[in-house]
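Colleague: A single structure is presented below for examination.
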Amino acid sequence: MKRPPVPLPADHIPPGTAAWRTPDARRWLDAAPARWARPVVAVPVLAASLVWDIAASPVDACTTAAPCGTDWPGIGLMALLLLTLYWVVRQPRLALVALGAVLAVFFTEGRSTAVFEEVSALVFLLAAAFTAVGLVHRLALAGRQRELALEAAGAVTHPLPAAARTFRRGQFSFLLAALMLAATVFGVWQTQRVADAYEERAARATQVSGVVTAVQQDGDDIAVLTVEADGRTHRFETDFPEDFPEDSRVDVVVDGDWAALVAEPFDAFGWEMLVMLASVAGLAFFANAVDGRTRARRLRREPLPVLRVLVREDHDDSRTWVFAADDREGLRPILHFHSMYAFEEEDEEEDIDDASEVDLSRVADIFRGEDPPPPLREAVLYGAPCTGAELAFVARDDPDDPDAPDEVSVQCSTTAVKSAVEGGPKLGAWSRRLESARGTKSAKNARRSVDEIAAGLTPTAAPRVWKAHGFSRAIGLGLLVVQGGGIWAALDDGLSWTWLWLIVGVPWLVTAVSTALTWRITADRDGLWVTGAWRVRQVRWDEITAVRHSDNGIHLRLGKDSTVEVSPTGWVWLERRLGREPYAVRAAEELGALLLRPELRPLEEAPTARQGMPVGPPLVALSVLWGAAVLLLL
């Protein structure tokens with residue numbers, strides 16, 4: 001029986017609040033951006049065209065007259081291009097401005113004539129126009145969605161709850177922006193230090209002319225020039241060996257044992273990359289912080305439209321999903337956003353501590369696969385919902401707390417609103433996901449009865465076999481990669497304390513990998529043949545007192561203090577999250593049914609070929625060979 005939505009106490013519903021009903025919600029969803037305008041389409045198209053145009057554009061050669069020093073305009077343009085791609089996803093208005101700036105640079109550098117000569121330039125221009133049209137389309141439909149939301153809410157407006165008025169947005173983003181911009185300044189300073197050090201030394205050095213006698217690759221695949229100048233041989237690493245063919249003349253500055261190519265005077269690539277990436281991250285965080293704070297202030301500035309809706313938190317990423325007030329089964333979400341609790345200042349510290357305890361316990365339940373699906377809750381939505389908007393809502397805080405049946409919470413959005421059609425579940429899919437989650441919960445806490453399990457087992461004379469399945473083998477292969485990488489990393493440093501990791505970690509990994517790849521349990525007339533990492537063990541039926549599944553393993557209890565364990569046999573939590581029935585859980589249930597119903601047991605004895613073979617010993621030999629190969633290669 002489906003649980004009805006958790007009601008919101010009447011005294012927390014502002015007078016005159018209209019319900020956002022399914023017909024109005026569908027009109028709102030119909031105003032969502034078309035597929036072609038969504039960032040998932042626009043960003044790859046624009047990025048691919050940018051990469052193609054940059055790769056196809058000619059690069060000026062490094063010469064004595066025009067040496068390849070620090071290219072601040074080029075770094076700034078690359079940062080602008082990366083920001084444009086990011087803002088197409090997060091900030092459509094800023095993306096339009098940035099895209100205009102990119103096109104201005106494109107035309108001022110004389111690339112406009114290349115449109116008629118180079119296919120890459122034409123494709124980039126078309127991709128930029130496509131992206132710009134998509135951005136305008138998204139902004140226009142966001143305005144249409146706002147109009148529809150205001151129409152559904154009517155003329156009734158109310159101020160935000162007190163807790164929401166004290167909620168502050170953007171502090172963390174401002175902090176990250178400050179750190180990233182500080183790293184940018186540091187990178188600029190270091191780059192300039194490298195350039196100044198070269199200029200200072202080159203000023204007192206002697207400039208001579210030389211001949212390139214060889215262009216070779218060193219052991220790290222770096223191009224190295226060999227230059228004969230003034231009777232001495234010099235070697236220089238270069239990023240552009242094509243600019244210095246053999247027998248060509250180059251200018252070199254020499255100061256004792258120090259020498260440098262005049263055309264490539266210094267290498268500050270690492271610091272330049274720091275400047276570019278840190279500036280992009282800093283400006284992105286700063287823009288997000290300013291945008292969030294501006295929208296939050298606008299939300300607090302005046303009375304807002306209000307709508308009665310239903311809300312539910314997502315298991316996977318704590319996202320808040322909003323449903324129409326009459327969608328009592330949560331079949332069709334309308335929009336979604338991330339949110340945080342807002343507290344009145346005097347109760348903030350105590351409430352945050354309580355909330356942290358609840359969240360930690362729920363996280364633990366989720367990883368154990370025991371967290372029930374969150375219920376639908378009645379809520380009042382403050383603000384005009386549209387793509388990119390900020391919202392707040394009031395709903396029952398903890399519907400399962402008997403001590404606080406009328407306790408409500410105020411939550412404010414921390415990310416911009418998105419329509420459910422943008423990555424949201426299709427019609428009815430949410431309901432199917434919840435039913436699957438409910439089935440997961442019931443399967444975990446209320447196991448199937450023996451009669452139900454036995455009904456699915458057909459009596460057979462041949463032995464029954466349960467063995468490592470695809471998911472278990474994938475876990476084993478993943479652990480095998482970890483094992484190989486760990487051996488390489490430990491031996492790469494030579495003889496050191498990290499070798500202790502080999503002594504402690506490798507035996508456990510070998511056991512886990514061997515079991516996950518080839519575990520097998522064979523049932524015959526006499527008992528079970530259990531194949532683990534190191535041996536095949538026979539356990540007679542009269543020795544087994546219980547069979548259970550726990551901690552991703554199958555456990556056979558023998559008397560009070562003895563247990564035969566096969567682990568790992570998969571990853572139950574992930575299998576359930578992927579919508580699959582955990583194979584090892586079903587195997588344990590069927591083994592338990594055979595234990596309690598002797599008439600279902602096989603009539604024949606299992607031949608040796610069906611008893612399985614442990615692969616622990618061969619894997620040890622393989623690990624030793626791998627370690628020896630690593631030592632020989634280093």
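Identifiers in the structure tokens: chain A, B, ... in order shown; residue index from 1 per chain; ligand index from 1 in order shown.
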Distance table requested - segment 510-536 of chain A against segment 607-610 of chain A, cut-off 10 Å, only C-alpha atoms: one row per qualifying residue with the closest atom pair and its distance in Å to one decimal, ordered by chain and rising residue number, as a Markdown table.

Modeller:
| residue | atom | partner | partner_atom | distance |
| --- | --- | --- | --- | --- |
| A:Arg520 | CA | A:Arg610 | CA | 9.2 |
| A:Ile521 | CA | A:Arg610 | CA | 9.4 |
| A:Thr522 | CA | A:Arg610 | CA | 7.2 |
| A:Ala523 | CA | A:Arg610 | CA | 9.9 |
| A:Asp524 | CA | A:Pro607 | CA | 9.4 |
| A:Trp529 | CA | A:Arg610 | CA | 9.1 |

Colleague: Name the closest residue to Thr238 of chain A among the candidates A:Leu103, A:Cys62, A:Val410, A:Ala628; distances are taken between atoms, counting only C-alpha atoms.

Modeller: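 Closest residue, counting only C-alpha atoms: A:Cys62.
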
Colleague: Based on the backbone DSSP call, show me all residues of segment 59-306 of chain A assigned strand (DSSP E), as a PyMOL selection string.

Modeller: chain A and resi 157-158+206-217+223-229+232-238+249-255+258-261+304-306

Colleague: Any idea what the distance is between atom CA of Arg201 of chain A and atom CA of Thr63 of chain A?

Modeller: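 These two atoms are separated by 19.3 Å.
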
Colleague: Which distance in Å separates atom CA of Val88 of chain A and atom CA of Ala324 of chain A, to one decimal?

Modeller: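 Computing it gives 29.2 Å between the two atoms.
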
Colleague: Which of these, A:Thr387, A:Ser550, A:Gln145, A:Ser472, has the shortest distance to Ala416 of chain A once you count only C-alpha atoms?

Modeller: A:Thr387

Colleague: Let me make sure I understand: among A:Val280, A:Phe266, A:Phe107, A:Thr64, which one has the smallest atom-to-atom distance to Arg249 of chain A if we use only C-alpha atoms?

Modeller: A:Thr64

Colleague: Give me, as a PyMOL selection string, all polymer residues having an atom no more than 10 Å from Val572 of chain A, counting only C-alpha atoms and skipping those fewer than 3 positions away in the same chain.

Modeller: chain A and resi 367-369+471-472+549-553+569+575-578+580-585
